[in-house]
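Visitor: This is the structure I have questions about; it appears just below.
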Amino acid sequence: MSGPLPGVLDEPGRADARARELREQIDRHNLLYYVLDAPEIDDAAYDRLFAELQAIEAKYPDLINTDSPTQRVGARAAQGFAEIRHRMPMLSLANAFDEDEVRAFDRRVREGLGLGEDDAPVQYNAELKYDGLAVTLSYENGRFVRGATRGDGEVGEDITANLRTIKAIPMRLLGEPPSSVDVRGEVLMYRADFEDLNRRQQEAGEKIFVNPRNAAAGSLRQLDPAITAARRLRFLAYGVGDDGDWHPTRQSALLDRLRAFGFPVGSPRRVVAGPQGLFAFYAEIQACRASLPFDIDGVVYKVDDRSAQARLGHVARAPRFALAHKFPAEEAITRLLDIEIQVGRTGALTPVARLEPVFVGGTTVSNATLHNEDEIRRKDIRVGDQVVVRRAGDVIPQVLRVLTDRRPADSPLPVFMMPDHCPVCGAATERDETEAVWRCVGGLSCPAQRKRAILHFVQRRALDIEGLGEKLVDQLVDRDLVSSPADLYSLDLATLVSLPRMAEKSAGNVLAAIEAARGKPLSRFLFGLGIAHVGEEVARILAAHFGSLATLMEADWDALMAEKSERQKENARRRQAGEPMLVVPLEGIGPEIAASVAHFFAEPRNRGIIAALERQGVLADAPASAPAPEPAAAGALAGRTFVLTGSLPDLTREQAAEMIRAAGGQVSSSVSRRTDYVVAGESAGSKLTKAQQLGITILDADGLRAMLAQNPDSAQSMHPTEQ
Ligand code: IVH
């Protein structure tokens, strides 16, 4: 690698001039590469420029300024991310799945703008719908100052340090930018970079990502920006939040201008007229979708005239001037090689389809969930069958149906049966009739359940111990080094480095993370224990009610439930009589949860583990006063609102609701524009109709499970590619 020219390093004046020159050159090459797609130099030459700048700045630290390309990777965030309230809310888009819905959108736009039959077609800017994560980037006087995730649309997380590492994001804007502007766009990972990342992850024994979107999400929310920097994320701009003193008149011109400021803007994009123009664009993109370097899940249409946009305004959380026209979920045909059984944290056995690898929905799929035995019977799925696999956006692959006409007439294959012994520990299995699941009765003596219990304990929403991934937990349990969460706290460096592929540095990091995971709030601790039916929401209710672990452990549940039911009865009477109501304790906790909690704490082994964890100071001291409410959940479904309607094939509505809450989602009883998903079972009525009218995504029980399976921490979500 060539260093600075002789002499440059010895003369501060020359060093300063050269550093400026290098920064300009590096910024220019970033622009050529990321925005103009026309690189002039190769990676090695780029690295040489970079190394030369680093050498100068190392010798003259005074010359460093914050937007130097060398300063993209900053220090690790000590704790989580701070919250940022967006200057303008980050809206979402209404969806359309067919041409009728697009025509209806165009009609609403025309009506809203007071256009008659004889008026010209509306001009729309047609763009790609990137399948990544929305972010907002604030620039003051042309300098990048702050960036945040979308969050709930009003408040996002401050991920400035991580966004700085993305080379496609300019630190200084080119040309004459407005004095203040919020640029909105999508962070994503190119498919090639995603494949590359997974290859490296696999070699290092780290987590494999299911798709580029998940990889981008996981990379963006790293507390250590150095990790984000190593992940090769991209950014594509699609709009502005607050345009400050800059008021572009058209969306198309706005994108041109953003590009001139140095932002990558996706292509193809085009101004088209009326529904016919929109359909032509849609067809064109659908045809070239696979050849784009990144995943898209549809196209977006925006009224091009921004003053018309302003006149149209918003409904609920989506603008009336824009529409996402989604692509149908992709399907492919492949062969079912085998059905394997996975054992989850609660002992539930989940059949998983091993498939002949097939490219569908932007990734190669080789596993799919089969949910449960009944499902396999209902669909008559047999090893050796040709099956139709579907994968949509961020949803895990599913086996839709069997091509029975391709099954040989003399197929001798037997119908699938769940094993009567656990494939991991050999203990007996039994079917829980109410839940349609088979469980291994081995409990924590089953290594599979032990592993999952530990992973559940260390996950972000529980004790939040970073670095304890599946591979490491597998090794620790398989070697009998750890058999319960409490054992984690007795691990030492010598033990960890004795494991294959464990370097001293990573071992040190793991120990430091365990060390740091102390003094946690009661609700997280309770959730982490993995008590049946105790998701985050229930854990919060218990923590708020009892205040301390000791009080909870000694609770007289029979008396509590009796009192609760008395009060409910009394309230029913008072409601009739129009009298003021009593407060009902433990709202949301019914007899089933109560029995499960009581059972868990009565178990001597559990009490032993808890005592050991308490000795380690894992739990924060009980607050003297009433405990403060804790921050909302952040799971796979965080920020999403569900409505359940109709009867689901093998879940009660309460169970489904609990699963949604455990993954951070909210369950509401009525459908409104704020509803994100409606889960509809058999004989669903008016709620379903309303959801259809509002264009809300409708899921069946499979769809819900598939979304939950995105959440590696949920017991019902065991899926091989996820973990
Ligand atoms: S505009 C004013 N344009 O889709 C509406 N969004 O459901 C704000 N997205 O969270 C969004 N490509 O992350 C817009 N060309 C595009 C987009 C796009 C992807 C995402 C965006 C947003 C979600 C809306």
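Each chain in the structure tokens gets a letter, A, B and so on, in the order shown; residues start at 1 in every chain, and ligands are counted from 1 in the order they appear.
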As number ranges by chain, please: every residue in region 262-315 of chain A that DSSP puts in alpha helix (DSSP H).
Guide: A: 274-288, 306-312
Visitor: List every residue of chain A that has an atom at most 7 Å from any atom of ligand 1, giving for each one its closest atom pair and the distance in Å to one decimal, counting only C-alpha atoms and all ligand atoms, sorted by chain and then by ascending residue number, as CSV.
Guide:
```
residue,atom,partner,partner_atom_place_in_ligand_line,distance
A:Met90,CA,ligand 1,8 (C),6.5
A:Leu91,CA,ligand 1,8 (C),5.0
A:Ser92,CA,ligand 1,24 (C),3.7
A:Leu93,CA,ligand 1,7 (O),3.9
A:Ala94,CA,ligand 1,7 (O),6.8
A:Glu127,CA,ligand 1,15 (N),5.2
A:Leu128,CA,ligand 1,15 (N),5.1
A:Lys129,CA,ligand 1,12 (N),3.4
A:Tyr130,CA,ligand 1,19 (C),4.1
A:Asp131,CA,ligand 1,19 (C),6.0
A:Gly132,CA,ligand 1,13 (O),6.6
A:Leu133,CA,ligand 1,13 (O),5.4
A:Ala134,CA,ligand 1,13 (O),3.7
A:Gly185,CA,ligand 1,13 (O),6.6
A:Glu186,CA,ligand 1,13 (O),5.6
A:Tyr238,CA,ligand 1,15 (N),5.1
A:Gly239,CA,ligand 1,1 (S),6.5
A:Val300,CA,ligand 1,15 (N),5.5
A:Ala318,CA,ligand 1,5 (C),6.5
A:Pro319,CA,ligand 1,2 (C),5.7
A:Ala322,CA,ligand 1,2 (C),6.6
```
Visitor: Can you write out the residues you just picked, keeping N, CA and C atoms, as a PDB file, in the first residue's frame?
Guide:
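Produced file result-v1.pdb, reproduced below:
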```pdb
ATOM      1  N   MET A  90     -43.441  10.319   9.684  1.00  0.00           N
ATOM      2  CA  MET A  90     -43.092   9.453   8.557  1.00  0.00           C
ATOM      3  C   MET A  90     -44.308   8.578   8.267  1.00  0.00           C
ATOM      4  N   LEU A  91     -44.924   8.850   7.156  1.00  0.00           N
ATOM      5  CA  LEU A  91     -46.189   8.183   6.836  1.00  0.00           C
ATOM      6  C   LEU A  91     -45.936   6.836   6.181  1.00  0.00           C
ATOM      7  N   SER A  92     -46.995   6.058   6.062  1.00  0.00           N
ATOM      8  CA  SER A  92     -46.858   4.831   5.283  1.00  0.00           C
ATOM      9  C   SER A  92     -47.725   4.961   4.034  1.00  0.00           C
ATOM     10  N   LEU A  93     -47.770   3.923   3.241  1.00  0.00           N
ATOM     11  CA  LEU A  93     -48.481   3.990   1.968  1.00  0.00           C
ATOM     12  C   LEU A  93     -49.683   3.068   1.984  1.00  0.00           C
ATOM     13  N   ALA A  94     -50.757   3.496   1.337  1.00  0.00           N
ATOM     14  CA  ALA A  94     -51.887   2.593   1.129  1.00  0.00           C
ATOM     15  C   ALA A  94     -51.457   1.576   0.067  1.00  0.00           C
ATOM     16  N   GLU A 127     -42.406   4.992  -9.225  1.00  0.00           N
ATOM     17  CA  GLU A 127     -41.093   4.637  -8.664  1.00  0.00           C
ATOM     18  C   GLU A 127     -41.100   3.181  -8.220  1.00  0.00           C
ATOM     19  N   LEU A 128     -39.942   2.713  -7.826  1.00  0.00           N
ATOM     20  CA  LEU A 128     -39.847   1.361  -7.275  1.00  0.00           C
ATOM     21  C   LEU A 128     -40.220   1.394  -5.795  1.00  0.00           C
ATOM     22  N   LYS A 129     -40.743   0.304  -5.300  1.00  0.00           N
ATOM     23  CA  LYS A 129     -40.965   0.199  -3.857  1.00  0.00           C
ATOM     24  C   LYS A 129     -39.872  -0.684  -3.268  1.00  0.00           C
ATOM     25  N   TYR A 130     -38.910  -0.023  -2.670  1.00  0.00           N
ATOM     26  CA  TYR A 130     -37.742  -0.721  -2.142  1.00  0.00           C
ATOM     27  C   TYR A 130     -38.122  -1.531  -0.917  1.00  0.00           C
ATOM     28  N   ASP A 131     -37.566  -2.734  -0.818  1.00  0.00           N
ATOM     29  CA  ASP A 131     -37.890  -3.588   0.313  1.00  0.00           C
ATOM     30  C   ASP A 131     -36.781  -3.496   1.350  1.00  0.00           C
ATOM     31  N   GLY A 132     -36.738  -2.370   2.025  1.00  0.00           N
ATOM     32  CA  GLY A 132     -35.693  -2.167   3.041  1.00  0.00           C
ATOM     33  C   GLY A 132     -36.289  -1.509   4.264  1.00  0.00           C
ATOM     34  N   LEU A 133     -35.562  -0.548   4.831  1.00  0.00           N
ATOM     35  CA  LEU A 133     -36.057   0.130   6.031  1.00  0.00           C
ATOM     36  C   LEU A 133     -36.061   1.626   5.813  1.00  0.00           C
ATOM     37  N   ALA A 134     -37.180   2.249   6.187  1.00  0.00           N
ATOM     38  CA  ALA A 134     -37.301   3.687   5.996  1.00  0.00           C
ATOM     39  C   ALA A 134     -36.434   4.421   7.013  1.00  0.00           C
ATOM     40  N   GLY A 185     -35.731   8.082   2.758  1.00  0.00           N
ATOM     41  CA  GLY A 185     -35.420   7.030   1.800  1.00  0.00           C
ATOM     42  C   GLY A 185     -35.281   5.706   2.510  1.00  0.00           C
ATOM     43  N   GLU A 186     -34.761   4.763   1.784  1.00  0.00           N
ATOM     44  CA  GLU A 186     -34.740   3.391   2.267  1.00  0.00           C
ATOM     45  C   GLU A 186     -33.300   2.900   2.379  1.00  0.00           C
ATOM     46  N   TYR A 238     -36.137   8.677  -1.656  1.00  0.00           N
ATOM     47  CA  TYR A 238     -37.406   8.755  -2.386  1.00  0.00           C
ATOM     48  C   TYR A 238     -38.239   9.989  -2.048  1.00  0.00           C
ATOM     49  N   GLY A 239     -37.767  10.816  -1.156  1.00  0.00           N
ATOM     50  CA  GLY A 239     -38.575  11.998  -0.859  1.00  0.00           C
ATOM     51  C   GLY A 239     -37.963  12.865   0.219  1.00  0.00           C
ATOM     52  N   VAL A 300     -44.429   2.268  -6.554  1.00  0.00           N
ATOM     53  CA  VAL A 300     -45.147   3.327  -5.840  1.00  0.00           C
ATOM     54  C   VAL A 300     -45.546   4.397  -6.843  1.00  0.00           C
ATOM     55  N   ALA A 318     -51.599   7.562   5.971  1.00  0.00           N
ATOM     56  CA  ALA A 318     -51.119   7.458   4.590  1.00  0.00           C
ATOM     57  C   ALA A 318     -51.568   8.658   3.771  1.00  0.00           C
ATOM     58  N   PRO A 319     -50.688   9.116   2.885  1.00  0.00           N
ATOM     59  CA  PRO A 319     -51.092  10.247   2.043  1.00  0.00           C
ATOM     60  C   PRO A 319     -52.108   9.801   0.993  1.00  0.00           C
ATOM     61  N   ALA A 322     -50.535   9.117  -2.820  1.00  0.00           N
ATOM     62  CA  ALA A 322     -49.593   8.052  -3.182  1.00  0.00           C
ATOM     63  C   ALA A 322     -50.205   6.678  -2.951  1.00  0.00           C
TER      64      ALA A 322
END
```
Visitor: What's around Met88 (chain A) at 8 Å? Count only C-alpha atoms, leave out sequence neighbours fewer than 6 positions away in its own chain, and write the answer as a PyMOL selection string.
Guide: chain A and resi 154+241-242
Visitor: Could you tell me how far CA of Asn198 (chain A) sits from CA of Lys451 (chain A), in Å to one decimal place?
Guide: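 Between CA of Lys451 (chain A) and CA of Asn198 (chain A) the gap works out to 23.0 Å.
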Visitor: Which residues, written as a list in words, have at least one atom at most 12 Å from Cys288 (chain A), with only C-alpha atoms counted and residues fewer than 5 positions away on the same chain left out?
Guide: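 Result of the neighbour search: Leu128, Ser267, Pro268, Phe281, Tyr282, Ala283, Pro293, Phe294, Asp295, Ile296 and Gly298 of chain A.
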Visitor: At a cut-off of 12 Å, using only C-alpha atoms, what residues contact Ala310 (chain A)? Leave out same-chain residues fewer than 4 positions from it and give the result as a ChimeraX atom specification.
Guide: /A:109,112-113,247,249-251,302-306,314,319-322
Visitor: Smallest atom-to-atom distance to Ala612 (chain A): which of A:Ser484, A:Gln276, A:Ser565, A:Ser668, using only C-alpha atoms?
Guide: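 Result for the nearest residue to Ala612 (chain A): A:Ser484.
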Visitor: Restricting the calculation to only C-alpha atoms: of A:Val315, A:Val145, A:Ala204, A:Ile660, which residue gets closest to Arg501 (chain A)?
Guide: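 Nearest candidate to Arg501 (chain A) out of A:Val315, A:Val145, A:Ala204, A:Ile660: A:Ala204.
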Visitor: Which polymer residues have any atom within 9 Å of an atom of Leu197 (chain A), counting only C-alpha atoms, with same-chain residues fewer than 5 positions away left out, as a PyMOL selection string?
Guide: chain A and resi 192+202+208-209+215+231-232
Visitor: Export N, CA and C atoms of the chosen residues as a tab-separated table (two decimals), in the first residue's frame?
Guide:
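Result file part22.tsv:
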```tsv
chain	number	residue	atom	x	y	z
A	192	ALA	N	-26.28	-9.15	-3.96
A	192	ALA	CA	-24.94	-9.74	-4.02
A	192	ALA	C	-24.22	-9.55	-2.68
A	202	GLN	N	-21.60	-17.53	7.77
A	202	GLN	CA	-21.57	-18.98	7.90
A	202	GLN	C	-20.17	-19.44	8.28
A	208	ILE	N	-27.27	-16.67	10.18
A	208	ILE	CA	-27.54	-16.52	8.75
A	208	ILE	C	-28.83	-15.73	8.60
A	209	PHE	N	-28.83	-14.73	7.74
A	209	PHE	CA	-30.03	-13.92	7.56
A	209	PHE	C	-30.94	-14.53	6.49
A	215	ALA	N	-31.33	-8.71	6.85
A	215	ALA	CA	-29.90	-8.44	7.04
A	215	ALA	C	-29.68	-6.94	7.21
A	231	ARG	N	-21.01	-4.12	6.84
A	231	ARG	CA	-22.14	-4.83	6.23
A	231	ARG	C	-22.56	-4.34	4.84
A	232	ARG	N	-21.93	-3.33	4.34
A	232	ARG	CA	-22.20	-2.80	2.99
A	232	ARG	C	-23.68	-2.52	2.73
```
Visitor: Could you pull the residues within 12 Å of Gly685 (chain A), counting only C-alpha atoms, minus those fewer than 4 positions along the same chain, as a list in words?
Guide: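 Selected residues are Leu644, Thr645, Gly646, Ser647, Val671, Val678, Val679, Ala680, Gly681, Thr689, Lys690, Ala691 and Gln692 of chain A.
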Visitor: Dump N, CA, C and O atoms for the selected residues as an mmCIF file, in the first residue's frame?
Guide:
```
data_model
loop_
_atom_site.group_PDB
_atom_site.id
_atom_site.type_symbol
_atom_site.label_atom_id
_atom_site.label_comp_id
_atom_site.auth_asym_id
_atom_site.auth_seq_id
_atom_site.Cartn_x
_atom_site.Cartn_y
_atom_site.Cartn_z
ATOM 1 N N LEU A 644 -58.302 -9.536 15.465
ATOM 2 C CA LEU A 644 -58.597 -10.955 15.233
ATOM 3 C C LEU A 644 -60.092 -11.115 15.035
ATOM 4 O O LEU A 644 -60.891 -10.541 15.768
ATOM 5 N N THR A 645 -60.465 -11.896 14.043
ATOM 6 C CA THR A 645 -61.892 -12.104 13.810
ATOM 7 C C THR A 645 -62.135 -13.507 13.256
ATOM 8 O O THR A 645 -61.273 -14.063 12.582
ATOM 9 N N GLY A 646 -63.286 -14.064 13.565
ATOM 10 C CA GLY A 646 -63.592 -15.418 13.106
ATOM 11 C C GLY A 646 -62.861 -16.452 13.935
ATOM 12 O O GLY A 646 -62.066 -16.113 14.816
ATOM 13 N N SER A 647 -63.103 -17.729 13.669
ATOM 14 C CA SER A 647 -62.424 -18.732 14.486
ATOM 15 C C SER A 647 -61.280 -19.354 13.692
ATOM 16 O O SER A 647 -61.437 -19.721 12.530
ATOM 17 N N VAL A 671 -61.706 -2.680 13.785
ATOM 18 C CA VAL A 671 -60.915 -2.380 12.590
ATOM 19 C C VAL A 671 -61.025 -0.894 12.277
ATOM 20 O O VAL A 671 -62.119 -0.344 12.240
ATOM 21 N N VAL A 678 -55.479 -7.744 9.689
ATOM 22 C CA VAL A 678 -56.638 -8.423 10.253
ATOM 23 C C VAL A 678 -56.409 -9.923 10.067
ATOM 24 O O VAL A 678 -56.114 -10.378 8.958
ATOM 25 N N VAL A 679 -56.474 -10.660 11.186
ATOM 26 C CA VAL A 679 -56.312 -12.105 11.093
ATOM 27 C C VAL A 679 -57.715 -12.698 11.076
ATOM 28 O O VAL A 679 -58.460 -12.574 12.039
ATOM 29 N N ALA A 680 -58.073 -13.285 9.948
ATOM 30 C CA ALA A 680 -59.450 -13.719 9.780
ATOM 31 C C ALA A 680 -59.528 -15.231 9.749
ATOM 32 O O ALA A 680 -58.810 -15.890 9.003
ATOM 33 N N GLY A 681 -60.377 -15.786 10.580
ATOM 34 C CA GLY A 681 -60.612 -17.220 10.576
ATOM 35 C C GLY A 681 -61.955 -17.505 9.941
ATOM 36 O O GLY A 681 -62.512 -16.662 9.218
ATOM 37 N N THR A 689 -65.058 -7.572 6.278
ATOM 38 C CA THR A 689 -65.542 -6.718 5.189
ATOM 39 C C THR A 689 -64.937 -5.322 5.301
ATOM 40 O O THR A 689 -64.452 -4.747 4.331
ATOM 41 N N LYS A 690 -64.924 -4.804 6.525
ATOM 42 C CA LYS A 690 -64.405 -3.454 6.720
ATOM 43 C C LYS A 690 -62.922 -3.409 6.357
ATOM 44 O O LYS A 690 -62.456 -2.473 5.704
ATOM 45 N N ALA A 691 -62.196 -4.455 6.770
ATOM 46 C CA ALA A 691 -60.763 -4.508 6.470
ATOM 47 C C ALA A 691 -60.547 -4.511 4.961
ATOM 48 O O ALA A 691 -59.660 -3.830 4.442
ATOM 49 N N GLN A 692 -61.401 -5.260 4.253
ATOM 50 C CA GLN A 692 -61.262 -5.312 2.795
ATOM 51 C C GLN A 692 -61.515 -3.934 2.194
ATOM 52 O O GLN A 692 -60.791 -3.483 1.320
#
```
Visitor: Counting only C-alpha atoms, which of A:Gln655, A:Thr363, A:Gln475, A:Ser138 gets nearest to Ile593 (chain A)?
Guide: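 The answer is A:Gln655, which sits nearest to Ile593 (chain A).
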Visitor: Please measure the separation of CA of Val597 (chain A) and CA of Ala555 (chain A), giving the value in Å to one decimal.
Guide: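 Between these atoms lies a distance of 9.7 Å.
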Visitor: If you run DSSP over the backbone, which residues in region 285-398 of chain A end up strand (DSSP E or B)? Put them as a VMD selection string.
Guide: chain A and resid 296 to 303 305 314 to 315 318 to 319 322 to 326 330 to 343 348 to 360 363 to 369 386 to 391 398
Visitor: Of the candidates A:Ile169, A:Cys446, A:Val210, A:Val389, which one gets nearest to Glu195 (chain A) if we count only C-alpha atoms?
Guide: A:Val210
Visitor: Quick one: contact table of region 548-654 of chain A to region 432-440 of chain A, 9 Å max, nearest atom pair and distance in Å to one decimal per residue, counting only C-alpha atoms, chain and number order, as CSV?
Guide:
```
residue,atom,partner,partner_atom,distance
A:Asp650,CA,A:Glu435,CA,6.1
A:Leu651,CA,A:Glu435,CA,6.3
A:Thr652,CA,A:Glu435,CA,8.4
```
Visitor: One decimal, Å: what's the distance from CA of Lys379 (chain A) over to CA of Ala657 (chain A), could you say?
Guide: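 Separating CA of Lys379 (chain A) from CA of Ala657 (chain A) is a distance of 25.8 Å.
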Visitor: For a quick check of understanding, using only C-alpha atoms, which of A:Leu137, A:Ala126, A:Ala448, A:Leu499 has the smallest distance to Ile285 (chain A)?
Guide: A:Ala126
